[in-house]
Amino acid sequence: MNLGDREAMNDVISNVLRYGVLISAAILLVGTVLLVVDYSFTDSSVFLGYIPGRIPHSSFSPSLSALALGVAKLDPFSVIELGVIVLIATPVSRVFFSILLFAAEKDMTYVKITLVVLALLLFSMLVTPFIPAFHA
Amino acid sequence: MIGFEFLIILFFASIMAGALGSIVGLGGGVIIIPILTIFLGVDIHFAIGASIVSVIATSSGAAATYVKDKMTNLRIGMFLELATTAGAIFGAAIAAYTNSFLLELIFGSILLVSLVPLVRQIGEDIPANPELVGLAKRLSLQGSYTEVDGSTVNYNATRPERGLVGMFAAGLISGLLGIGSGTFKVLSMDLAMKLPMKVSTTTSNFMIGVTAAASAGIYFARGDVDPFIVAPVAIGILIGAFIGTRFLLKARNPTVRKIFAIVLAISAVEMIVRALGA
């Protein structure tokens, strides 16, 4: 496949999205099956308590090591969290691959545009959660 | 309600939301949020967290197909994402100093007003093809796609500056209210840039995933993304998006425009009702 070709760009971007979605769906499915096995007869209100004063408000693992431990133990909530992280990473990878593809087409204007988008996106995702002003 | 019942209701509602969202270029929050808050009694913060995940799922699930079939315009999408991501960050930064009641009232009203030009051209198939000039020409904001009957539709974008302003507003709303802003994105491309309706909805669809991912970090960190809620939502949405994309590729522009107008009216009313706390 010639990556400098405009047709190739559509195929690569489409595949990045497709695989991201399929991997995350597979993980989420495993998590949901575990959830159904463990909690089908538990009252749903147990999981829906929103605690305004505490961060995080829900039962998602706050740290990556807790997440890894949970996934290893096949804890349904941790497996689902992993699936959601893969899902959120999908559009980010799409932007990242766009930069490479625009570069292969030698379209420098769009390489710059996409670099700015990626920078804004990563700033928003990874930096703003640590700035108190953003915790409205 | 037992857990299983909750999961099943949410799963089927999400299939519907994913199908509808992937056709009209929105994330499905317009269905997911009221189902969660009104019917399932879930806190609005969790509903918004679920809506963010549903936007990303609709976008990535549907765009995989639309991009392959060259319905989405990648360059127009990337160019406009400059404005949506910047708007989203700005919105999130000033959210603490704004009044969400007033915002929802204002944005709901804007949506209602924008129904007028939308309905006036309700039967329109392909907009008159303007000449490619200025910024649109420099950034090659043009494209072509294959219609249902096999004919090739060529189109040029017009007034990209207005499109950028509309997209900044769309991003701002996502950052401020945490809701998807597909409606504003489709309107910007349709009314300002005069793109064919299906190009507008599919390119919006492509973009909303990035806008939502931009705000996902903060909702995730706050713990507004509840695993019990988002698991059935994400899976349902992906199945729905698969169904919706098949429909859109076979549908004509006027049909898509009509469905969009209906969904727009519903989300406008929803926003105003929420503002008034009814």
# chains A, B, ... in the order shown; residues from 1 in each chain; ligands from 1
>>> interface_residues(of="chain A", to="chain B", cutoff="7 Å", atoms="only C-alpha atoms", output="PDB file with C-alpha atoms, in the first residue's frame")
ATOM      1  CA  ASN A  10      -9.131   6.515   4.451  1.00  0.00           C
ATOM      2  CA  ASP A  11      -8.279   2.835   4.803  1.00  0.00           C
ATOM      3  CA  SER A  14     -10.828   3.417   9.181  1.00  0.00           C
ATOM      4  CA  ASN A  15      -8.795   0.440  10.400  1.00  0.00           C
ATOM      5  CA  LEU A  17     -10.989   3.126  14.442  1.00  0.00           C
ATOM      6  CA  ARG A  18     -12.281  -0.365  13.685  1.00  0.00           C
ATOM      7  CA  VAL A  21     -13.589  -0.294  18.746  1.00  0.00           C
ATOM      8  CA  ALA A  25     -15.879  -3.974  22.746  1.00  0.00           C
ATOM      9  CA  LEU A  28     -16.182  -4.513  27.725  1.00  0.00           C
ATOM     10  CA  THR A  32     -20.153  -7.092  31.375  1.00  0.00           C
ATOM     11  CA  VAL A  36     -23.902 -10.073  35.084  1.00  0.00           C
ATOM     12  CA  TYR A  39     -24.319  -8.797  40.352  1.00  0.00           C
ATOM     13  CA  SER A  40     -27.459  -9.655  38.366  1.00  0.00           C
ATOM     14  CA  PHE A  41     -29.555  -9.994  41.502  1.00  0.00           C
ATOM     15  CA  THR A  42     -28.016  -7.134  43.419  1.00  0.00           C
ATOM     16  CA  ASP A  43     -30.156  -4.024  43.587  1.00  0.00           C
ATOM     17  CA  SER A  44     -28.866  -1.566  41.001  1.00  0.00           C
ATOM     18  CA  PHE A  47     -23.825   0.904  42.143  1.00  0.00           C
ATOM     19  CA  LEU A  48     -25.418   4.235  41.500  1.00  0.00           C
ATOM     20  CA  TYR A  50     -23.135   9.495  43.649  1.00  0.00           C
ATOM     21  CA  ILE A  55     -13.304  12.254  44.364  1.00  0.00           C
ATOM     22  CA  PRO A  56     -13.728   9.930  42.518  1.00  0.00           C
ATOM     23  CA  HIS A  57     -17.508   9.864  42.836  1.00  0.00           C
ATOM     24  CA  SER A  58     -17.781   6.278  41.610  1.00  0.00           C
ATOM     25  CA  SER A  59     -15.990   2.969  42.031  1.00  0.00           C
ATOM     26  CA  PHE A  60     -13.478   3.361  39.187  1.00  0.00           C
ATOM     27  CA  PHE A  77     -15.294  -3.038  37.320  1.00  0.00           C
ATOM     28  CA  ILE A  80     -14.748  -2.445  32.239  1.00  0.00           C
ATOM     29  CA  GLU A  81     -12.494   0.454  33.150  1.00  0.00           C
ATOM     30  CA  LEU A  87     -12.318   3.271  23.829  1.00  0.00           C
ATOM     31  CA  ILE A  88     -11.190   6.774  24.832  1.00  0.00           C
ATOM     32  CA  PRO A  91      -9.996   8.803  18.680  1.00  0.00           C
ATOM     33  CA  VAL A  92      -6.633   9.948  20.072  1.00  0.00           C
ATOM     34  CA  ILE A 113      -3.083  21.571  11.820  1.00  0.00           C
ATOM     35  CA  THR A 114      -3.218  17.997  13.127  1.00  0.00           C
ATOM     36  CA  VAL A 117      -5.177  19.350  17.451  1.00  0.00           C
ATOM     37  CA  LEU A 120      -4.739  20.514  22.494  1.00  0.00           C
ATOM     38  CA  LEU A 121      -6.308  17.084  22.898  1.00  0.00           C
ATOM     39  CA  SER A 124      -7.099  18.645  27.746  1.00  0.00           C
ATOM     40  CA  MET A 125      -7.088  14.926  28.561  1.00  0.00           C
ATOM     41  CA  LEU A 126      -3.959  14.631  30.646  1.00  0.00           C
ATOM     42  CA  THR A 128      -6.465  19.778  32.837  1.00  0.00           C
ATOM     43  CA  PRO A 129      -7.605  17.078  35.333  1.00  0.00           C
ATOM     44  CA  ALA A 133      -9.854  25.528  38.204  1.00  0.00           C
ATOM     45  CA  PHE A 134     -11.120  22.821  35.840  1.00  0.00           C
ATOM     46  CA  ALA A 136     -16.066  22.862  38.455  1.00  0.00           C
TER      47      ALA A 136
END
>>> select_by_dssp(residues="range 55-123 of chain B", states="alpha helix (DSSP H)", output="number ranges by chain")
B: 55-68, 74-94, 100-120
>>> closest_residue(among="A:Thr90, A:Ile13, A:Ala26, A:Ile99", to="Val116 in chain A", atoms="only C-alpha atoms")
A:Ile99
>>> residues_around(residues="Val111 in chain A", least_positions_apart="5", cutoff="8 Å", atoms="only C-alpha atoms", output="list in words")
Ser98, Ile99, Leu100, Phe102 and Ala103 of chain A
>>> closest_residue(among="B:Ala47, B:Ala170, B:Ile122, B:Val133", to="Asn253 in chain B", atoms="only C-alpha atoms")
B:Ile122
>>> atom_distance(atom1="CA of Arg246 in chain B", atom2="CA of Thr146 in chain B")
14.6 Å
>>> residues_around(residues="Leu112 in chain B", least_positions_apart="6", cutoff="12 Å", atoms="only C-alpha atoms", output="PyMOL selection string")
chain B and resi 104-106+118-119+183-184+187+261-272
>>> atom_distance(atom1="CA of Lys137 in chain B", atom2="CA of Pro196 in chain B")
17.7 Å
>>> select_by_dssp(residues="range 85-224 of chain B", states="strand (DSSP E)", output="PyMOL selection string")
chain B and resi 142-146+152-156
>>> atom_distance(atom1="CA of Arg274 in chain B", atom2="CA of Phe101 in chain B")
8.0 Å
